[in-house]
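Asker: Dropping in start-v6.txt, with compact mmCIF, C-alpha atoms.
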```
# COMPACT_ATOMS: atom_id res chain seq x y z
CA ALA A 1 68.23 53.27 127.03
CA VAL A 2 71.36 51.18 127.69
CA VAL A 3 73.57 54.20 126.93
CA LEU A 4 71.61 56.30 129.41
CA ALA A 5 71.74 53.63 132.10
CA GLU A 6 75.53 53.52 131.87
CA SER A 7 76.07 57.31 131.72
CA GLN A 8 76.42 59.69 134.64
CA THR A 9 75.18 62.84 132.88
CA LEU A 10 72.73 63.57 130.09
CA GLU A 11 75.37 65.68 128.32
CA ILE A 12 77.53 62.56 127.97
CA ALA A 13 74.67 60.26 126.98
CA LEU A 14 72.68 62.53 124.64
CA PRO A 15 75.02 62.45 121.61
CA SER A 16 74.92 58.66 121.50
CA VAL A 17 71.15 58.57 122.00
CA ILE A 18 70.47 61.16 119.30
CA SER A 19 72.77 59.41 116.83
CA ALA A 20 70.39 56.44 116.87
CA PHE A 21 67.67 58.68 115.41
CA SER A 22 69.85 60.75 113.06
CA SER A 23 69.94 58.14 110.31
CA VAL A 24 66.13 58.13 110.27
CA LEU A 25 65.67 61.90 110.47
CA GLY A 26 68.60 63.10 108.41
CA THR A 27 69.28 65.50 111.30
CA ALA A 28 71.67 68.39 110.62
CA VAL A 29 71.62 70.08 114.05
CA THR A 30 70.30 68.93 117.41
CA GLU A 31 70.05 71.11 120.53
CA MET A 32 68.97 70.66 124.11
CA TRP A 33 67.50 73.60 126.03
CA LYS A 34 66.88 73.64 129.78
CA PRO A 35 65.24 76.11 132.16
CA THR A 36 67.62 78.32 134.10
CA GLN A 37 67.86 77.94 137.87
CA GLY A 38 65.25 80.63 138.37
CA GLY A 39 62.99 78.93 135.84
CA ARG A 40 62.32 82.10 133.84
CA LEU A 41 64.39 81.46 130.72
CA LEU A 42 65.64 78.65 128.52
CA ARG A 43 69.34 78.32 127.78
CA SER A 44 71.18 75.96 125.47
CA GLN A 45 72.81 73.04 127.28
CA TRP A 46 74.09 71.02 124.34
CA VAL A 47 74.48 71.45 120.58
CA ASP A 48 75.44 68.85 117.99
CA CYS A 49 76.11 69.71 114.34
CA SER A 50 76.64 67.04 111.71
CA SER A 51 79.06 69.44 110.02
CA ASP A 52 82.43 70.62 111.36
CA SER A 53 82.46 73.63 109.07
CA ARG A 54 83.06 77.27 109.98
CA ALA A 55 79.29 77.80 109.66
CA ALA A 56 78.69 75.12 112.31
CA THR A 57 81.17 76.81 114.66
CA LYS A 58 79.37 80.11 114.17
CA TRP A 59 76.02 78.40 114.84
CA ARG A 60 77.28 77.00 118.14
CA GLY A 61 78.62 80.38 119.21
CA GLN A 62 75.40 82.18 118.37
CA THR A 63 73.30 79.52 120.12
CA SER A 64 75.33 79.80 123.33
CA LYS A 65 74.37 83.50 123.58
CA LEU A 66 70.62 82.98 123.20
CA GLU A 67 67.96 82.87 125.91
CA PHE A 68 64.27 82.25 125.30
CA ALA A 69 61.39 83.30 127.52
CA LYS A 70 58.19 81.28 127.54
CA GLY A 71 56.40 81.79 124.23
CA LYS A 72 59.44 83.20 122.42
CA GLY A 73 61.22 81.34 119.63
CA LEU A 74 60.67 77.66 118.92
CA PRO A 75 62.02 76.49 122.33
CA GLY A 76 59.87 79.07 124.13
CA ARG A 77 56.73 78.12 122.21
CA ILE A 78 57.30 74.44 123.02
CA TRP A 79 57.73 75.45 126.68
CA GLU A 80 54.44 77.36 126.56
CA SER A 81 52.47 74.54 124.94
CA LEU A 82 54.35 71.56 126.45
CA ALA A 83 53.81 69.88 123.10
CA PRO A 84 55.84 69.15 119.93
CA LEU A 85 55.99 72.01 117.42
CA TRP A 86 57.23 72.46 113.85
CA ILE A 87 58.63 75.34 111.84
CA PRO A 88 57.83 73.85 108.40
CA ASP A 89 60.23 76.18 106.54
CA ILE A 90 62.53 78.41 108.58
CA THR A 91 63.58 80.37 105.47
CA VAL A 92 60.15 82.04 105.36
CA ASP A 93 59.69 82.42 109.12
CA SER A 94 60.46 86.06 109.95
CA SER A 95 60.54 85.35 113.70
CA PHE A 96 63.39 82.85 113.45
CA ALA A 97 66.37 84.34 115.33
CA ARG A 98 69.31 82.63 113.55
CA LEU A 99 68.25 82.80 109.92
CA PRO A 100 71.65 83.81 108.42
CA GLU A 101 73.40 81.01 110.32
CA ALA A 102 70.65 78.54 109.34
CA GLU A 103 71.00 79.44 105.65
CA ALA A 104 74.78 78.95 105.88
CA LEU A 105 74.17 75.41 107.17
CA ALA A 106 71.43 74.77 104.59
CA LEU A 107 68.81 74.19 107.30
CA ARG A 108 65.21 74.23 106.10
CA SER A 109 62.87 73.12 108.88
CA ALA A 110 62.89 72.67 112.64
CA PHE A 111 61.05 70.45 115.07
CA GLY A 112 61.10 70.35 118.84
CA PHE A 113 59.56 68.35 121.64
CA PRO A 114 59.48 68.73 125.44
CA ILE A 115 61.03 66.41 128.00
CA LEU A 116 58.39 66.21 130.73
CA SER A 117 58.52 64.68 134.19
CA SER A 118 55.83 62.32 135.42
CA SER A 119 54.08 65.40 136.86
CA ARG A 120 54.44 67.24 133.51
CA GLU A 121 57.13 69.59 134.79
CA LEU A 122 59.46 70.78 132.02
CA LEU A 123 62.90 69.17 132.35
CA GLY A 124 64.23 70.20 128.96
CA ILE A 125 63.51 70.67 125.28
CA ILE A 126 65.06 68.95 122.26
CA VAL A 127 65.15 70.97 119.03
CA ILE A 128 66.07 69.26 115.75
CA PHE A 129 66.96 71.07 112.52
CA LEU A 130 66.55 69.28 109.20
CA PRO A 131 67.93 70.02 105.72
CA TYR A 132 64.52 69.63 104.10
CA PRO A 133 61.05 71.19 104.54
CA ARG A 134 58.51 69.40 106.69
CA VAL A 135 56.42 68.19 103.78
CA SER A 136 59.22 66.27 102.05
CA LYS A 137 59.61 63.50 104.61
CA PRO A 138 57.33 62.17 107.38
CA LEU A 139 58.55 62.54 110.96
CA PRO A 140 58.74 59.44 113.24
CA THR A 141 56.74 61.09 116.02
CA ALA A 142 56.25 57.85 117.96
CA LYS A 143 60.00 57.28 118.13
CA LEU A 144 60.61 60.86 119.28
CA ALA A 145 57.89 60.60 121.93
CA SER A 146 59.59 57.44 123.18
CA LEU A 147 62.93 59.28 123.26
CA GLY A 148 61.37 62.08 125.30
CA ARG A 149 60.13 59.59 127.90
CA VAL A 150 63.54 57.90 128.10
CA LEU A 151 65.30 61.24 128.58
CA ALA A 152 62.79 62.32 131.23
CA ASN A 153 63.32 59.10 133.18
CA PHE A 154 67.08 59.58 133.00
CA ILE A 155 66.95 63.19 134.23
CA GLU A 156 64.59 62.36 137.09
CA ARG A 157 66.74 59.41 138.16
CA ARG A 158 69.94 61.45 138.19
CA GLU A 159 68.26 64.34 140.08
CA SER A 160 66.87 61.86 142.61
CA GLU A 161 70.34 60.38 143.11
CA ALA A 162 71.82 63.85 143.65
CA SER A 163 69.08 64.67 146.15
CA ASP A 164 69.69 61.39 147.97
CA ALA A 165 73.41 62.17 148.23
CA LYS A 166 72.70 65.56 149.81
CA SER A 167 70.19 64.04 152.22
CA ARG A 168 72.65 61.36 153.26
CA ALA A 169 75.32 63.99 153.93
CA ARG A 170 72.93 65.86 156.24
CA LEU A 171 72.05 62.63 158.02
CA ALA A 172 75.72 61.80 158.51
CA ALA A 173 76.25 65.17 160.18
CA ALA A 174 73.31 64.51 162.49
CA VAL A 175 74.56 61.06 163.43
CA GLN A 176 77.87 62.52 164.59
CA HIS A 177 76.07 64.51 167.30
CA ALA A 178 73.27 62.19 168.32
CA SER A 179 72.60 58.60 169.29
CA VAL A 180 70.94 57.78 165.99
CA PHE A 181 71.37 54.89 163.54
CA VAL A 182 70.30 55.55 159.94
CA ALA A 183 70.74 52.97 157.19
CA GLN A 184 69.27 51.30 154.11
CA CYS A 185 69.13 47.67 153.04
CA ASP A 186 68.10 45.74 149.95
CA LEU A 187 65.36 43.11 149.66
CA ASP A 188 67.79 40.43 150.82
CA LEU A 189 68.13 42.47 154.04
CA ARG A 190 71.79 43.25 153.38
CA TYR A 191 72.83 46.78 154.26
CA THR A 192 73.55 48.93 151.24
CA TRP A 193 74.30 52.17 153.07
CA VAL A 194 74.75 53.46 156.62
CA ALA A 195 75.24 57.05 157.71
CA GLU A 196 78.78 57.84 158.71
CA GLY A 197 79.55 59.20 162.14
CA ASN A 198 78.83 56.18 164.31
CA PRO A 199 82.27 54.89 165.41
CA VAL A 200 81.01 51.36 166.18
CA TYR A 201 78.55 50.68 163.38
CA SER A 202 80.50 52.35 160.57
CA PRO A 203 79.94 51.76 156.82
CA ASP A 204 83.04 49.58 156.62
CA ARG A 205 81.63 47.26 159.25
CA VAL A 206 77.98 47.27 158.21
CA VAL A 207 77.57 47.64 154.42
CA GLY A 208 77.07 44.34 152.60
CA LYS A 209 76.21 42.42 155.75
CA LEU A 210 73.09 40.97 157.38
CA ASP A 211 71.87 41.79 160.87
CA GLU A 212 73.09 38.42 162.21
CA GLU A 213 76.61 39.24 161.06
CA ILE A 214 76.90 42.44 163.10
CA LEU A 215 74.36 42.20 165.94
CA PRO A 216 73.69 39.79 168.83
CA GLU A 217 71.40 36.89 167.91
CA THR A 218 68.26 38.12 169.69
CA THR A 219 68.64 41.68 168.42
CA ALA A 220 69.30 40.51 164.87
CA ARG A 221 66.26 38.22 164.89
CA THR A 222 63.94 40.99 166.11
CA LEU A 223 65.16 43.58 163.60
CA SER A 224 65.18 41.17 160.66
CA GLN A 225 61.62 40.12 161.44
CA ALA A 226 60.50 43.76 161.37
CA LYS A 227 62.19 44.16 157.97
CA ARG A 228 60.50 41.07 156.54
CA GLU A 229 57.09 42.24 157.71
CA SER A 230 57.70 45.68 156.20
CA ILE A 231 58.46 44.11 152.81
CA ALA A 232 55.68 41.49 152.93
CA GLU A 233 52.97 43.92 154.04
CA ASP A 234 54.33 47.08 152.40
CA ARG A 235 54.06 49.14 155.56
CA VAL A 236 56.11 50.84 158.24
CA THR A 237 57.08 48.55 161.11
CA LYS A 238 58.69 49.28 164.47
CA CYS A 239 60.59 47.28 167.04
CA GLU A 240 62.68 47.85 170.17
CA ILE A 241 66.17 46.38 170.13
CA LEU A 242 69.18 46.32 172.44
CA ILE A 243 72.46 47.20 170.72
CA PRO A 244 75.85 46.74 172.41
CA PHE A 245 78.43 49.55 172.47
CA PRO A 246 81.96 49.43 173.94
CA ASP A 247 80.92 51.23 177.13
CA ASP A 248 77.33 50.00 177.56
CA GLU A 249 74.20 48.65 175.88
CA ARG A 250 71.57 50.97 174.46
CA TYR A 251 67.90 50.46 173.63
CA PHE A 252 66.82 51.74 170.23
CA THR A 253 63.32 52.13 168.86
CA SER A 254 63.81 51.17 165.22
CA THR A 255 61.49 52.22 162.43
CA VAL A 256 61.59 50.27 159.16
CA GLU A 257 60.05 51.87 156.07
CA PRO A 258 59.76 50.50 152.51
CA ILE A 259 61.53 52.36 149.69
CA HIS A 260 59.53 52.50 146.45
CA ASP A 261 60.57 53.28 142.89
CA THR A 262 58.48 55.46 140.58
CA SER A 263 56.22 52.51 139.69
CA GLY A 264 55.47 51.78 143.37
CA THR A 265 57.61 48.65 143.57
CA ILE A 266 59.52 48.09 146.82
CA THR A 267 63.26 48.27 146.13
CA GLY A 268 64.64 48.32 149.68
CA LEU A 269 64.16 49.60 153.21
CA ASN A 270 65.03 52.66 155.28
CA ILE A 271 66.01 51.88 158.89
CA ILE A 272 66.12 54.59 161.54
CA GLY A 273 66.94 53.81 165.17
CA PHE A 274 67.00 56.28 168.06
```
Take the structure in the file and give it back as structure tokens.

Answerer:
Amino acid sequence: AVVLAESQTLEIALPSVISAFSSVLGTAVTEMWKPTQGGRLLRSQWVDCSSDSRAATKWRGQTSKLEFAKGKGLPGRIWESLAPLWIPDITVDSSFARLPEAEALALRSAFGFPILSSSRELLGIIVIFLPYPRVSKPLPTAKLASLGRVLANFIERRESEASDAKSRARLAAAVQHASVFVAQCDLDLRYTWVAEGNPVYSPDRVVGKLDEEILPETTARTLSQAKRESIAEDRVTKCEILIPFPDDERYFTSTVEPIHDTSGTITGLNIIGF
């Protein structure tokens, strides 16, 4: 989990995360499959082979060409069932697509499990190939289920951050053409972000500061009180404030809204004034 928290992409983090399980599993090959943009097929996103042999290179090349529809191949069957699945012995499974390459790497069995969002949407699939049949060693299913949850949380967090970045860019464009103030603050009421475009209350002037450091005393007191009430009562609050600009003073109706994480805990506030 620490590796994931410090990584920007799953492709960077996954090798380190999987390595923690490899000593237990005796893993020979690990793959990650993800739905395509249209959501109709699965494509390989990442492959790790414990061997650097010519056979491993061939395996990677063959895997990069494959696509699986729902219900097809081990990744597709996991997608269809949204549950872990085994191929106990791939050498006797006639439907296995890469049998010659698997035999060259001495692979005997395969196991896969889905990475599911909190709403059970498929985010990806991990497939693990082992150099022994299923019956020769028990699988640590609890550990793998825990890994699936960690990976799902990571993917959802990164996608949420990307979505937030796009939303903030759109807000910044709007601010440039309208008398609107859009910002966020933490639970200490310090600003953590403000939309660019406002020449007076720019990010350089606002971020990291409290209301009393950038606004007149009466205005700061009114807005800070609305923020405290929003946090204490977990609700949207509103207030009317007077904000000075170089050429005049302008009244803003400010709406303060709690920001919640996936567990429902308040992590900060959205502030919109217009």

Asker: Select, from A:Pro216, A:Gly73, A:Gly124, A:Gly208, the residue with the minimum atom-to-atom distance to Trp33 in chain A, counting all atoms listed in the file.

Answerer: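 With all atoms listed in the file as the atom set, the closest residue is A:Gly124.
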
Asker: Expressed in Å to a single decimal, how great is the separation between CA of Gly112 in chain A and CA of Gly61 in chain A?

Answerer: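 Spanning CA of Gly112 in chain A to CA of Gly61 in chain A is a straight-line distance of 20.2 Å.
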
Asker: To one decimal in Å, tell me the separation between CA of Asp261 in chain A and CA of Thr192 in chain A.

Answerer: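 About the pair CA of Asp261 in chain A and CA of Thr192 in chain A: they are 16.0 Å apart.
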
Asker: With all atoms listed in the file as the counted atoms, please give the residues lying no more than 8 Å from range 48-50 of chain A, apart from itself and same-chain residues fewer than 4 positions off, as a PyMOL selection string.

Answerer: chain A and resi 15+27-31+56

Asker: Could you pull the residues within 6 Å of Asn270 in chain A, counting all atoms listed in the file, minus those fewer than 5 positions along the same chain, as a PyMOL selection string?

Answerer: chain A and resi 184+256-257

Asker: What is the CA of Val47 in chain A-CA of Leu116 in chain A distance in Å, reported with one decimal?

Answerer: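 So the two atoms, CA of Val47 in chain A and CA of Leu116 in chain A, lie 19.7 Å apart.
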
Asker: So which one's closest to Pro75 in chain A, A:Leu99, A:Leu107, A:Leu41, A:Val236? Using all atoms listed in the file, please.

Answerer: A:Leu41

Asker: For Ile115 in chain A, list every protein, DNA or RNA residue within 6 Å, evaluated using all atoms listed in the file, and leave out those in the same chain fewer than 3 positions away; present the list as a ChimeraX atom specification.

Answerer: /A:123-125,148,152

Asker: Near Gly268 in chain A, within 6 Å and counting all atoms listed in the file, which residues show up once chain neighbours fewer than 2 positions away are dropped, as a compact mmCIF listing (two decimals) with C-alpha atoms, in the frame of the given file?

Answerer:
```txt
# COMPACT_ATOMS: atom_id res chain seq x y z
CA CYS A 185 69.13 47.67 153.04
CA ASP A 186 68.10 45.74 149.95
CA LEU A 187 65.36 43.11 149.66
CA ILE A 259 61.53 52.36 149.69
CA ILE A 266 59.52 48.09 146.82
```

Asker: With distances taken over all atoms listed in the file, which of A:Arg250, A:Thr267, A:Pro244, A:Pro100 is nearest to Ser230 in chain A?

Answerer: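 Of A:Arg250, A:Thr267, A:Pro244, A:Pro100, the one nearest Ser230 in chain A is A:Thr267, counting all atoms listed in the file.
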
Asker: What are the centre and edge lengths in Å, to one decimal, of the axis-aligned box around all listed atoms of range 223-237 of chain A with 6 Å added on each side, as lines of an AutoDock Vina configuration file?

Answerer:
```
center_x = 59.1
center_y = 45.5
center_z = 158.0
size_x = 24.2
size_y = 22.7
size_z = 23.2
```

Asker: Please tell me which residues are no farther than 6 Å from (64.4, 45.3, 167.0) in the file, counting all atoms listed in the file, and write them as number ranges by chain.

Answerer: A: 219, 222-223, 239-241

Asker: Given only C-alpha atoms as the basis, pick out the residue of A:Gln37, A:Trp79, A:Ile90, A:Glu121 nearest to Ser109 in chain A.

Answerer: A:Ile90

Asker: Excluding Asp211 in chain A and its own-chain neighbours fewer than 6 positions away, which residues fall within 9 Å of it when counting only C-alpha atoms? Please give them as a PyMOL selection string.

Answerer: chain A and resi 189-191+217+219-221+223-224
